[in-house]
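File shown: run18.txt (compact mmCIF, C-alpha atoms).
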```
# COMPACT_ATOMS: atom_id res chain seq x y z
CA MET A 1 35.77 19.82 3.30
CA LYS A 2 34.98 23.54 3.48
CA ARG A 3 38.26 24.29 1.72
CA ALA A 4 37.41 21.83 -1.05
CA LEU A 5 33.98 23.39 -1.60
CA LEU A 6 35.50 26.87 -1.78
CA LEU A 7 38.04 25.67 -4.33
CA LEU A 8 35.34 24.01 -6.43
CA GLY A 9 33.13 27.08 -6.21
CA GLY A 10 35.98 29.24 -7.45
CA VAL A 11 36.57 26.93 -10.39
CA LEU A 12 32.88 26.89 -11.32
CA LEU A 13 32.52 30.65 -11.10
CA THR A 14 35.68 31.18 -13.12
CA ALA A 15 34.61 28.69 -15.77
CA ARG A 16 31.04 29.99 -16.02
CA ALA A 17 32.04 33.63 -16.16
CA SER A 18 34.70 33.06 -18.73
CA ALA A 19 33.41 30.40 -21.11
CA VAL A 20 33.51 32.90 -23.95
CA GLU A 21 35.91 34.09 -26.60
CA LEU A 22 37.73 37.21 -25.52
CA TYR A 23 39.49 39.28 -28.15
CA GLN A 24 42.56 41.25 -27.16
CA PRO A 25 44.88 43.56 -29.12
CA GLY A 26 47.59 41.52 -30.81
CA LEU A 27 45.81 38.23 -30.11
CA THR A 28 43.61 36.24 -32.44
CA ALA A 29 41.48 35.04 -29.52
CA VAL A 30 41.53 33.91 -25.92
CA ASP A 31 39.17 31.03 -25.13
CA LEU A 32 38.57 30.43 -21.44
CA GLY A 33 36.23 27.64 -20.44
CA GLY A 34 36.07 24.44 -18.48
CA ASP A 35 34.13 21.41 -17.40
CA VAL A 36 33.13 19.66 -14.20
CA LYS A 37 32.77 15.88 -13.95
CA SER A 38 31.54 13.81 -11.05
CA TYR A 39 31.87 10.04 -10.76
CA TYR A 40 30.67 7.34 -8.44
CA ILE A 41 32.29 3.91 -8.67
CA GLY A 42 31.09 0.88 -6.73
CA ILE A 43 32.73 -2.54 -6.37
CA TRP A 44 31.02 -5.83 -5.50
CA PRO A 45 33.78 -8.29 -4.53
CA TYR A 46 33.53 -12.04 -4.99
CA ASP A 47 34.17 -14.48 -2.16
CA HIS A 48 37.90 -14.56 -1.48
CA PRO A 49 39.92 -14.27 1.77
CA LEU A 50 41.91 -11.29 0.46
CA LEU A 51 38.86 -9.26 -0.57
CA PRO A 52 36.47 -7.43 1.77
CA GLU A 53 33.14 -9.09 2.42
CA ASP A 54 31.04 -6.00 1.75
CA PRO A 55 30.81 -3.79 -1.35
CA TRP A 56 32.70 -0.51 -1.30
CA GLY A 57 32.92 2.54 -3.49
CA GLN A 58 34.62 5.79 -4.32
CA GLY A 59 33.37 9.22 -5.28
CA LEU A 60 35.39 11.57 -7.46
CA LEU A 61 34.94 15.15 -8.57
CA ASP A 62 37.07 16.58 -11.35
CA ALA A 63 37.01 20.26 -12.36
CA ARG A 64 39.12 21.53 -15.23
CA VAL A 65 39.76 25.11 -16.37
CA LYS A 66 41.05 25.46 -19.95
CA LEU A 67 42.81 28.41 -21.51
CA GLU A 68 43.52 28.48 -25.25
CA ALA A 69 45.16 31.60 -26.73
CA GLY A 70 46.56 32.41 -30.14
CA VAL A 71 48.78 35.06 -31.68
CA GLY A 72 47.93 35.32 -35.34
CA ASP A 73 48.11 31.96 -37.10
CA TRP A 74 51.61 31.13 -35.94
CA LEU A 75 51.55 30.76 -32.14
CA ARG A 76 49.16 28.89 -29.84
CA LEU A 77 49.17 28.51 -26.04
CA SER A 78 47.28 25.72 -24.26
CA LEU A 79 46.86 25.64 -20.46
CA HIS A 80 44.67 23.19 -18.50
CA HIS A 81 44.45 23.25 -14.72
CA ASP A 82 42.75 20.32 -12.99
CA LEU A 83 41.23 19.97 -9.52
CA ALA A 84 40.49 16.40 -8.38
CA ILE A 85 38.66 15.51 -5.16
CA ALA A 86 38.44 11.82 -4.21
CA ALA A 87 36.56 10.26 -1.30
CA GLY A 88 36.65 6.59 -0.45
CA PRO A 89 39.18 3.78 -0.81
CA ARG A 90 41.51 3.73 -3.78
CA LEU A 91 40.41 1.42 -6.57
CA ALA A 92 43.77 1.00 -8.28
CA GLY A 93 44.14 -2.35 -9.96
CA PHE A 94 40.49 -2.70 -10.91
CA GLY A 95 40.71 -0.55 -14.04
CA LEU A 96 37.73 1.51 -12.96
CA SER A 97 39.26 4.85 -12.03
CA PRO A 98 38.65 7.80 -14.36
CA GLY A 99 41.43 9.56 -16.20
CA GLY A 100 44.24 8.07 -18.27
CA GLY A 101 46.01 4.82 -17.63
CA GLY A 102 48.52 5.77 -14.99
CA GLY A 103 48.60 9.38 -16.11
CA GLU A 104 48.19 10.76 -12.61
CA ALA A 105 51.60 9.25 -11.78
CA MET A 106 53.40 10.26 -14.97
CA PRO A 107 56.87 11.67 -14.19
CA GLN A 108 57.13 15.43 -14.54
CA ALA A 109 60.22 17.33 -15.65
CA LEU A 110 58.69 20.33 -13.87
CA ASP A 111 56.56 19.32 -10.90
CA LEU A 112 53.19 21.02 -11.39
CA SER A 113 51.09 18.78 -9.14
CA TRP A 114 50.10 19.48 -5.55
CA ARG A 115 48.26 17.34 -3.01
CA ILE A 116 46.71 19.93 -0.76
CA VAL A 117 44.67 17.49 1.37
CA ASP A 118 45.79 13.94 2.19
CA ALA A 119 43.47 12.46 4.77
CA THR A 120 42.37 8.87 5.31
CA GLY A 121 39.96 8.11 2.49
CA TYR A 122 39.94 11.72 1.25
CA THR A 123 42.32 13.62 -1.02
CA ILE A 124 42.39 16.88 -2.97
CA ASP A 125 44.87 17.26 -5.82
CA LEU A 126 45.78 20.08 -8.16
CA ARG A 127 47.59 19.43 -11.44
CA VAL A 128 48.57 21.45 -14.48
CA ASP A 129 47.69 18.89 -17.14
CA ARG A 130 48.42 21.03 -20.22
CA ALA A 131 51.07 23.74 -20.54
CA ALA A 132 52.27 23.84 -24.13
CA LEU A 133 53.27 26.32 -26.82
CA LEU A 134 52.61 25.47 -30.47
CA LEU A 135 54.70 27.32 -33.06
CA LYS A 136 53.48 27.00 -36.64
CA LEU A 137 56.12 27.50 -39.35
CA PRO A 138 55.95 26.71 -43.07
CA HIS A 139 55.57 22.91 -43.30
CA VAL A 140 56.52 22.48 -39.61
CA ASP A 141 54.58 22.51 -36.32
CA LEU A 142 56.70 22.62 -33.14
CA THR A 143 55.07 21.95 -29.74
CA VAL A 144 56.99 22.36 -26.47
CA GLY A 145 55.66 21.66 -23.00
CA ARG A 146 53.09 19.43 -21.29
CA GLN A 147 50.88 17.87 -23.95
CA PRO A 148 49.08 14.64 -24.87
CA VAL A 149 51.12 12.27 -27.05
CA SER A 150 49.52 9.42 -29.00
CA PHE A 151 50.54 7.02 -31.73
CA GLY A 152 48.43 4.38 -33.45
CA SER A 153 44.73 3.98 -34.15
CA THR A 154 43.47 0.87 -32.36
CA PHE A 155 41.19 1.17 -29.34
CA PHE A 156 41.31 -1.80 -26.95
CA PHE A 157 44.89 -2.90 -27.63
CA THR A 158 47.45 -0.24 -28.53
CA PRO A 159 50.93 -1.55 -29.39
CA LEU A 160 52.09 1.83 -30.72
CA ASP A 161 50.74 3.97 -27.88
CA LEU A 162 53.72 3.80 -25.54
CA VAL A 163 53.38 7.16 -23.76
CA ALA A 164 50.70 7.09 -21.00
CA PRO A 165 48.31 4.75 -22.84
CA PHE A 166 44.70 4.27 -21.81
CA SER A 167 43.45 1.08 -20.24
CA PRO A 168 40.45 -0.24 -22.23
CA VAL A 169 38.16 0.08 -19.20
CA VAL A 170 38.98 3.67 -18.27
CA ILE A 171 35.64 5.40 -17.82
CA ASP A 172 36.46 8.73 -19.45
CA ARG A 173 38.91 9.11 -22.34
CA GLU A 174 38.25 12.75 -23.13
CA TYR A 175 41.61 14.00 -21.86
CA LYS A 176 44.73 11.95 -22.26
CA PRO A 177 47.19 12.83 -19.47
CA GLY A 178 49.71 15.43 -20.54
CA VAL A 179 53.41 14.52 -20.61
CA ASP A 180 56.42 16.84 -20.73
CA ALA A 181 57.67 16.60 -24.29
CA VAL A 182 59.05 18.32 -27.37
CA ARG A 183 57.21 17.42 -30.57
CA GLY A 184 57.78 18.31 -34.19
CA ASP A 185 55.36 17.61 -37.06
CA LEU A 186 56.83 18.01 -40.54
CA PHE A 187 54.49 17.99 -43.55
CA PHE A 188 55.66 17.08 -47.04
CA GLY A 189 54.04 16.30 -50.36
CA THR A 190 50.28 15.99 -50.58
CA SER A 191 49.79 13.66 -47.60
CA GLY A 192 53.19 12.99 -46.05
CA LYS A 193 53.85 13.65 -42.37
CA LEU A 194 56.84 13.01 -40.12
CA THR A 195 56.32 13.24 -36.34
CA LEU A 196 59.27 13.34 -33.94
CA VAL A 197 58.79 13.26 -30.14
CA ALA A 198 61.12 13.42 -27.15
CA ALA A 199 59.12 12.78 -23.94
CA TYR A 200 60.24 12.90 -20.33
CA ALA A 201 59.69 9.62 -18.43
CA GLY A 202 61.73 10.18 -15.28
CA ASP A 203 64.95 11.60 -16.67
CA TRP A 204 66.39 13.02 -19.87
CA ASP A 205 68.84 10.15 -20.38
CA LEU A 206 67.94 7.16 -22.57
CA GLN A 207 66.72 5.10 -19.62
CA GLY A 208 64.35 7.80 -18.43
CA SER A 209 62.94 9.16 -21.68
CA ILE A 210 60.99 8.18 -24.77
CA LEU A 211 62.27 9.08 -28.23
CA ALA A 212 59.89 8.24 -31.06
CA GLY A 213 59.28 9.01 -34.68
CA ARG A 214 56.54 8.11 -37.16
CA ALA A 215 56.57 8.70 -40.90
CA GLY A 216 53.29 8.26 -42.74
CA ALA A 217 51.52 8.97 -45.99
CA THR A 218 48.23 8.19 -47.72
CA PHE A 219 48.09 5.78 -50.64
CA TRP A 220 44.70 5.60 -52.34
CA ASN A 221 42.37 5.37 -49.30
CA TRP A 222 44.91 3.86 -46.92
CA ASP A 223 47.11 5.68 -44.43
CA VAL A 224 50.36 3.77 -43.83
CA GLY A 225 53.01 4.62 -41.25
CA MET A 226 56.33 3.36 -39.95
CA PHE A 227 57.34 3.85 -36.31
CA VAL A 228 60.82 3.88 -34.75
CA GLY A 229 61.36 4.48 -31.06
CA GLU A 230 63.79 4.28 -28.16
CA VAL A 231 61.48 3.68 -25.19
CA ARG A 232 63.31 3.69 -21.87
CA GLU A 233 66.38 2.16 -23.55
CA GLN A 234 64.29 -0.35 -25.49
CA ALA A 235 64.37 -0.20 -29.28
CA VAL A 236 60.89 -0.43 -30.82
CA LEU A 237 60.00 -0.84 -34.50
CA GLY A 238 56.43 -0.66 -35.70
CA LEU A 239 53.98 -0.39 -38.58
CA ASP A 240 50.40 0.87 -38.67
CA THR A 241 47.65 1.39 -41.20
CA THR A 242 44.05 2.56 -41.43
CA GLY A 243 41.70 2.47 -44.38
CA ASP A 244 38.42 1.36 -45.88
CA LEU A 245 37.70 -2.14 -47.17
CA PHE A 246 34.31 -2.61 -48.85
CA GLY A 247 32.68 -0.07 -46.55
CA VAL A 248 34.34 -1.40 -43.38
CA ALA A 249 36.83 0.80 -41.53
CA VAL A 250 39.96 -1.28 -40.95
CA ARG A 251 42.94 -0.50 -38.74
CA GLY A 252 45.99 -2.34 -37.56
CA GLU A 253 49.30 -1.80 -35.85
CA GLY A 254 52.17 -3.90 -34.63
CA THR A 255 55.52 -3.51 -32.90
CA VAL A 256 58.64 -5.50 -32.16
CA THR A 257 60.55 -4.54 -29.00
CA PHE A 258 64.24 -5.22 -28.45
CA ALA A 259 65.20 -4.91 -24.78
CA ARG A 260 68.60 -5.57 -23.24
CA GLY A 261 68.82 -8.95 -21.56
CA GLU A 262 65.47 -10.11 -23.01
CA ASP A 263 64.32 -11.90 -26.10
CA PRO A 264 62.58 -9.61 -28.64
CA PHE A 265 58.80 -9.67 -28.33
CA GLY A 266 56.03 -8.69 -30.68
CA ARG A 267 52.59 -7.13 -30.30
CA ILE A 268 50.00 -6.89 -33.07
CA ALA A 269 46.41 -5.63 -33.08
CA LEU A 270 43.91 -5.73 -35.96
CA GLY A 271 40.49 -4.10 -35.82
CA ALA A 272 37.46 -3.14 -37.86
CA ASP A 273 34.27 -1.18 -37.30
CA ARG A 274 31.08 -0.64 -39.24
CA ARG A 275 27.97 1.45 -38.72
CA LEU A 276 24.85 -0.32 -39.99
CA ASP A 277 21.81 1.38 -41.49
CA CYS A 278 19.73 0.40 -38.46
CA GLY A 279 21.89 2.67 -36.25
CA LEU A 280 23.98 -0.13 -34.74
CA THR A 281 27.77 0.37 -34.70
CA LEU A 282 30.03 -2.67 -34.32
CA MET A 283 33.73 -2.59 -33.48
CA GLY A 284 36.04 -5.56 -33.02
CA GLU A 285 39.73 -6.23 -32.49
CA ILE A 286 42.06 -9.19 -32.16
CA TYR A 287 45.40 -8.99 -30.39
CA VAL A 288 48.51 -11.08 -29.83
CA GLN A 289 51.47 -10.30 -27.55
CA THR A 290 54.28 -12.82 -27.41
CA ASN A 291 55.61 -11.63 -24.04
CA GLY A 292 52.42 -12.46 -22.18
CA ALA A 293 52.18 -15.27 -19.63
CA ALA A 294 51.69 -18.73 -21.12
CA LYS A 295 49.93 -20.04 -17.99
CA ALA A 296 47.33 -18.46 -15.74
CA LYS A 297 49.39 -19.02 -12.59
CA GLU A 298 52.01 -16.62 -14.02
CA TYR A 299 49.58 -13.70 -14.46
CA LEU A 300 50.16 -11.97 -11.13
CA ARG A 301 53.92 -12.09 -11.57
CA VAL A 302 53.62 -10.61 -15.06
CA ALA A 303 51.37 -7.85 -13.68
CA THR A 304 54.13 -6.68 -11.34
CA ASP A 305 56.74 -6.00 -14.02
CA ASP A 306 57.78 -2.46 -14.94
CA ARG A 307 55.82 -2.29 -18.20
CA HIS A 308 52.55 -3.09 -16.45
CA ARG A 309 53.20 -0.80 -13.48
CA ARG A 310 53.69 2.22 -15.71
CA GLY A 311 50.67 1.34 -17.91
CA GLU A 312 52.59 0.48 -21.08
CA LEU A 313 50.95 -2.98 -21.01
CA TRP A 314 47.72 -4.03 -19.31
CA ALA A 315 46.95 -7.50 -20.73
CA MET A 316 48.67 -10.37 -18.92
CA GLY A 317 48.11 -13.21 -21.40
CA ARG A 318 48.87 -13.73 -25.09
CA TYR A 319 45.73 -14.06 -27.22
CA TYR A 320 42.73 -11.75 -27.09
CA ALA A 321 39.59 -10.64 -28.89
CA ALA A 322 37.37 -7.65 -28.16
CA LEU A 323 33.96 -6.57 -29.42
CA SER A 324 31.79 -3.54 -28.74
CA ALA A 325 28.33 -2.66 -30.01
CA SER A 326 26.55 0.67 -29.63
CA TYR A 327 23.05 1.67 -30.64
CA GLU A 328 21.36 5.05 -30.83
CA LEU A 329 18.02 4.61 -29.09
CA LEU A 330 17.23 8.29 -29.48
CA PRO A 331 19.24 11.25 -30.79
CA ILE A 332 20.15 11.96 -27.16
CA VAL A 333 20.41 8.38 -25.81
CA ASN A 334 23.01 5.79 -26.75
CA VAL A 335 23.42 2.29 -25.31
CA SER A 336 26.47 0.08 -25.71
CA PHE A 337 28.04 -3.19 -24.66
CA PHE A 338 31.65 -4.35 -24.73
CA SER A 339 33.55 -7.56 -24.08
CA VAL A 340 37.27 -8.31 -23.90
CA VAL A 341 38.12 -12.02 -24.02
CA ASN A 342 41.31 -13.83 -23.08
CA LEU A 343 41.11 -16.68 -25.59
CA ALA A 344 43.55 -18.97 -23.75
CA ASP A 345 41.86 -19.10 -20.29
CA PRO A 346 39.17 -18.59 -21.38
CA SER A 347 37.86 -15.57 -19.44
CA ALA A 348 36.18 -12.28 -20.28
CA LEU A 349 35.46 -8.79 -19.02
CA ILE A 350 32.03 -7.55 -20.09
CA GLY A 351 30.11 -4.36 -19.49
CA PRO A 352 27.02 -2.39 -20.59
CA ALA A 353 26.74 1.42 -20.69
CA LEU A 354 24.13 4.09 -21.33
CA VAL A 355 24.93 7.70 -22.29
CA TRP A 356 22.23 10.37 -22.13
CA SER A 357 22.75 13.94 -23.35
CA VAL A 358 20.59 15.58 -20.72
CA ALA A 359 21.32 19.10 -22.04
CA GLU A 360 23.36 20.82 -24.70
CA ASN A 361 26.29 21.08 -22.29
CA ALA A 362 25.65 18.11 -19.98
CA GLU A 363 25.93 14.34 -20.30
CA LEU A 364 25.06 11.48 -17.96
CA ALA A 365 26.62 8.03 -18.30
CA VAL A 366 25.99 4.86 -16.30
CA GLY A 367 27.51 1.43 -16.79
CA GLY A 368 29.20 -1.54 -15.24
CA TYR A 369 31.85 -4.25 -15.52
CA TYR A 370 31.86 -7.93 -14.68
CA GLY A 371 34.67 -10.46 -14.85
CA LEU A 372 33.86 -13.94 -16.14
CA GLY A 373 36.27 -16.77 -15.46
CA GLU A 374 37.66 -19.01 -12.76
CA ARG A 375 38.36 -17.11 -9.55
CA PRO A 376 41.85 -17.24 -7.99
CA LYS A 377 42.69 -19.93 -5.52
CA ASP A 378 42.69 -19.15 -1.82
CA PRO A 379 46.12 -17.97 -0.64
CA ARG A 380 48.62 -20.59 0.48
CA LEU A 381 49.81 -19.60 3.94
CA PRO A 382 53.60 -19.95 4.42
CA GLU A 383 54.90 -22.53 6.84
CA ILE A 384 56.11 -21.26 10.21
CA ASP A 385 59.47 -22.37 11.56
CA PRO A 386 58.75 -23.89 14.99
CA VAL A 387 62.06 -22.66 16.39
CA THR A 388 62.19 -19.06 15.15
CA GLY A 389 58.46 -18.54 14.67
CA LEU A 390 59.20 -16.90 11.30
CA PRO A 391 57.68 -17.77 7.93
CA VAL A 392 59.60 -20.27 5.82
CA GLY A 393 59.96 -19.29 2.18
CA SER A 394 58.35 -16.41 0.35
CA THR A 395 55.68 -14.21 1.90
CA ASP A 396 55.16 -12.33 -1.37
CA LEU A 397 51.48 -12.15 -2.33
CA VAL A 398 52.40 -13.12 -5.90
CA ASP A 399 53.78 -16.42 -4.60
CA LEU A 400 50.91 -17.08 -2.20
CA VAL A 401 47.96 -16.47 -4.56
CA GLU A 402 47.49 -18.42 -7.79
CA ALA A 403 45.33 -16.98 -10.56
CA ARG A 404 43.26 -19.43 -12.58
CA SER A 405 42.08 -16.94 -15.22
CA GLU A 406 42.84 -13.32 -16.06
CA PHE A 407 39.42 -11.70 -15.90
CA GLY A 408 38.34 -14.02 -13.13
CA LEU A 409 40.53 -11.78 -10.96
CA SER A 410 38.16 -8.83 -11.57
CA PRO A 411 35.17 -8.19 -9.29
CA ALA A 412 31.92 -6.65 -10.47
CA GLY A 413 31.77 -2.87 -10.71
CA VAL A 414 29.28 -0.13 -11.54
CA TYR A 415 29.76 3.55 -12.23
CA ALA A 416 27.80 6.76 -12.81
CA GLU A 417 29.29 9.87 -14.40
CA LEU A 418 27.91 13.36 -14.92
CA LYS A 419 29.72 15.87 -17.16
CA VAL A 420 28.91 19.56 -17.38
CA TYR A 421 30.70 21.88 -19.83
CA TYR A 422 31.02 25.67 -19.63
```
Since I need it in another form, could you write the structure as structure tokens?
Amino acid sequence: MKRALLLLGGVLLTARASAVELYQPGLTAVDLGGDVKSYYIGIWPYDHPLLPEDPWGQGLLDARVKLEAGVGDWLRLSLHHDLAIAAGPRLAGFGLSPGGGGGEAMPQALDLSWRIVDATGYTIDLRVDRAALLLKLPHVDLTVGRQPVSFGSTFFFTPLDLVAPFSPVVIDREYKPGVDAVRGDLFFGTSGKLTLVAAYAGDWDLQGSILAGRAGATFWNWDVGMFVGEVREQAVLGLDTTGDLFGVAVRGEGTVTFARGEDPFGRIALGADRRLDCGLTLMGEIYVQTNGAAKAKEYLRVATDDRHRRGELWAMGRYYAALSASYELLPIVNVSFFSVVNLADPSALIGPALVWSVAENAELAVGGYYGLGERPKDPRLPEIDPVTGLPVGSTDLVDLVEARSEFGLSPAGVYAELKVYY
């Protein structure tokens, strides 16, 4: 514990002393700053033999130091170093942990993560989350190194975002996890842009990498793009668009995936948002994925496939709708509410939140989650062979527990988050 406090103190002192622009000969500027975020997450389980009887929680502290440096207008360096301290049981599987969907476990071409303390219920991790050089040439930007990579524009459901996508219930989306990649952005015409990405996902062969390209342009007030990718040896074709329709911001994206040994499957998301004169902002999306489970009892098996384990997919069913509403109570206080509904169960995940800007460089957020829907059946215990005394048949949890709805699997959760920037 003493070591953790010393590490955090060093980060805070470094960030506070250096959150300024430093000018050096031959450099445009060196910006050194950082932020510190603390979280508390609590879980209230429902009555089920496989869940603990009492509530439990986890505390997390995340401190990030950021270095941004430039040489003229043609070269930019970005470095982010992250310190994460976690106390309490892991909450994986409940969608309540901060950070990016699975980003902490993203494969690294160059291992720049260190677990310096690994005790029961207590860990301290260091990670270089950004380490990238941006070279700006006429009509071309080339970025090499650890960097965030995103495609698409939808929020809850993201068919095009195939590299470390966010889960819709991640608490903090400020920093998407960095991935080791080479990226080129080519600009042409008045609005044309071609983006090419090669990202490391375990290896540099086709099975362990992600190759993607998007070509887009603006027509009238609509941005339209076409996506082509080779994602872990799966061919993916996609389209996306964003624009304005009678004062409503509209967005949509869809993909078709062709995987060896599988039937092609499609994913499509359509969304819209509008800010009303009263200060209320509404955002909604609908989503269909043809590879989702057709029956609730298949959900847990779907959730164990490779696409779900690496965060590429999070929804287990086929038909969804989502809605969020936020309202500015005061210039420094915002309240919101969201719901994600599985239309086939039916079941829903709902949650309120309040964000308060307590100071110019500090923000406090509190909120919660609750799953509505039929709870899973009690586990079926395997038969015991009277001769050998061994179980007969499968002892796999997926075969012993039957889900009756998707969001009925989720317990209630609450969280509190404090962010301080330097």
Notebook entry, point to check: Which distance in Å separates CA of Phe337 (chain A) and CA of Gly178 (chain A), to one decimal?
Noted result: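 CA of Phe337 (chain A) sits 28.9 Å away from CA of Gly178 (chain A).
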Next item on the list: Grab the CA of Glu374 (chain A) to CA of Pro346 (chain A) distance for me, in Å with one decimal place.
Entry: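 Distance between the two atoms: 8.8 Å.
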So which residues touch Arg301 (chain A) within 9 Å, counting all atoms listed in the file, skipping near sequence neighbours fewer than 6 positions away, as a PDB file with C-alpha atoms, keeping the file's coordinate frame?
```pdb
ATOM      1  CA  ALA A 293      52.180 -15.270 -19.630  1.00  0.00           C
ATOM      2  CA  VAL A 398      52.400 -13.120  -5.900  1.00  0.00           C
ATOM      3  CA  ASP A 399      53.780 -16.420  -4.600  1.00  0.00           C
TER       4      ASP A 399
END
```
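The two atoms in question, CA of Tyr422 (chain A) and CA of Gly88 (chain A), are spaced 27.6 Å apart.
Taking all atoms listed in the file into account, Gly202 (chain A) lies nearest to A:Gln108 out of the set A:Gln147, A:Thr218, A:Ser326, A:Gln108.
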Which residues of region 180-214 of chain A come within 10 Å of region 224-233 of chain A, and what is each one's closest atom pair and distance in Å (one decimal), counting all atoms listed in the file, sorted by chain and residue number, as a tab-separated table?
```
residue	atom	partner	partner_atom	distance
A:Gly192	CA	A:Gly225	CA	9.7
A:Lys193	CA	A:Gly225	CA	9.1
A:Leu194	CA	A:Gly225	CA	9.3
A:Thr195	CA	A:Phe227	CA	9.4
A:Leu196	CA	A:Gly229	CA	9.5
A:Val197	CA	A:Gly229	CA	9.2
A:Ala198	CA	A:Glu230	CA	9.6
A:Ala199	CA	A:Val231	CA	9.5
A:Tyr200	CA	A:Arg232	CA	9.8
A:Ala201	CA	A:Arg232	CA	7.8
A:Gly202	CA	A:Arg232	CA	9.4
A:Asp203	CA	A:Arg232	CA	9.6
A:Asp205	CA	A:Arg232	CA	8.6
A:Leu206	CA	A:Glu233	CA	5.3
A:Gln207	CA	A:Arg232	CA	4.3
A:Gly208	CA	A:Arg232	CA	5.5
A:Ser209	CA	A:Arg232	CA	5.5
A:Ile210	CA	A:Val231	CA	4.5
A:Leu211	CA	A:Glu230	CA	5.0
A:Ala212	CA	A:Gly229	CA	4.0
A:Gly213	CA	A:Val228	CA	5.4
A:Arg214	CA	A:Phe227	CA	4.4
```
Near-Gly254 (chain A) list (6 Å; all atoms listed in the file; drop same-chain fewer than 5 positions) as a CSV table (one decimal) with C-alpha atoms, keeping the file's coordinate frame:
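Written output follows (part_4.csv):
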```
chain,number,residue,atom,x,y,z
A,159,PRO,CA,50.9,-1.6,-29.4
A,238,GLY,CA,56.4,-0.7,-35.7
A,239,LEU,CA,54.0,-0.4,-38.6
A,267,ARG,CA,52.6,-7.1,-30.3
A,268,ILE,CA,50.0,-6.9,-33.1
```
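Distance check against Pro89 (chain A) using only C-alpha atoms: of A:Ala63, A:Ala325, A:Ile350, A:Ala119, the minimum falls on A:Ala119.
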Next item on the list: Can you pull out every residue within 9 Å of Leu349 (chain A), counting only C-alpha atoms, but drop anything in the same chain fewer than 4 positions away, and send it as a PyMOL selection string?
Entry: chain A and resi 338-342+369-373+407-408+410
Any chance you can output those residues with C-alpha atoms as an mmCIF file, in the coordinates of the input?
```cif
data_model
loop_
_atom_site.group_PDB
_atom_site.id
_atom_site.type_symbol
_atom_site.label_atom_id
_atom_site.label_comp_id
_atom_site.auth_asym_id
_atom_site.auth_seq_id
_atom_site.Cartn_x
_atom_site.Cartn_y
_atom_site.Cartn_z
ATOM 1 C CA PHE A 338 31.650 -4.350 -24.730
ATOM 2 C CA SER A 339 33.550 -7.560 -24.080
ATOM 3 C CA VAL A 340 37.270 -8.310 -23.900
ATOM 4 C CA VAL A 341 38.120 -12.020 -24.020
ATOM 5 C CA ASN A 342 41.310 -13.830 -23.080
ATOM 6 C CA TYR A 369 31.850 -4.250 -15.520
ATOM 7 C CA TYR A 370 31.860 -7.930 -14.680
ATOM 8 C CA GLY A 371 34.670 -10.460 -14.850
ATOM 9 C CA LEU A 372 33.860 -13.940 -16.140
ATOM 10 C CA GLY A 373 36.270 -16.770 -15.460
ATOM 11 C CA PHE A 407 39.420 -11.700 -15.900
ATOM 12 C CA GLY A 408 38.340 -14.020 -13.130
ATOM 13 C CA SER A 410 38.160 -8.830 -11.570
#
```
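Residues within 8 Å of Lys297 (chain A), counting only C-alpha atoms and excluding same-chain residues fewer than 5 positions away, are Glu402, Ala403 and Arg404 of chain A.
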Item checked: Surrounding residues of Glu262 (chain A) excluding itself and chain neighbours under 4 positions, 12 Å, only C-alpha atoms, as a PyMOL selection string -> chain A and resi 234-235+257-258+291
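Of the listed residues A:Leu400, A:Ala353, A:Ala215, A:Val333, the one whose atoms come nearest to Glu298 (chain A) is A:Leu400, with distances taken using all atoms listed in the file.
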Next item on the list: Using all atoms listed in the file, pick whichever of A:Ser405, A:Thr123, A:Gln289, A:Ser153 has the shortest atom-to-atom distance to Ala321 (chain A).
Entry: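 Under the stated criterion, the closest residue is A:Gln289.
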Kindly provide the residues of region 348-378 of chain A that approach region 35-42 of chain A to within 12 Å, each paired with its closest atom pair and their distance in Å to one decimal, based on only C-alpha atoms, listed by chain and increasing number, as a Markdown table.
```
| residue | atom | partner | partner_atom | distance |
| --- | --- | --- | --- | --- |
| A:Asn361 | CA | A:Asp35 | CA | 9.2 |
| A:Ala362 | CA | A:Asp35 | CA | 9.5 |
| A:Glu363 | CA | A:Lys37 | CA | 9.5 |
| A:Leu364 | CA | A:Lys37 | CA | 9.7 |
| A:Ala365 | CA | A:Tyr39 | CA | 9.4 |
| A:Val366 | CA | A:Tyr40 | CA | 9.5 |
| A:Gly367 | CA | A:Ile41 | CA | 9.7 |
| A:Gly368 | CA | A:Gly42 | CA | 9.0 |
| A:Tyr369 | CA | A:Gly42 | CA | 10.2 |
| A:Tyr370 | CA | A:Gly42 | CA | 11.9 |
```
Check: Closest to Arg318 (chain A) among A:Val248, A:Pro376, A:Gly145, A:Glu406, using all atoms listed in the file?
Finding: A:Glu406
Checklist line | Given all atoms listed in the file as the counted atoms, nearest of A:Ala322, A:Ala29, A:Val401, A:Leu381 to Tyr299 (chain A) | finding: A:Val401
Per-residue nearest contacts region 252-313 of chain A to region 160-164 of chain A, cut-off 7 Å, using only C-alpha atoms, as a tab-separated table:
```
residue	atom	partner	partner_atom	distance
A:Glu253	CA	A:Leu160	CA	6.9
A:Gly254	CA	A:Leu160	CA	6.9
A:Thr255	CA	A:Leu160	CA	6.7
A:Gly311	CA	A:Ala164	CA	6.5
A:Glu312	CA	A:Leu162	CA	5.7
```
Next item on the list: For the point (32.4, 10.7, -3.3) in the file's frame, write as a PyMOL selection string all residues with an atom no more than 7 Å away, counting all atoms listed in the file.
Entry: chain A and resi 40+58-60+86-88
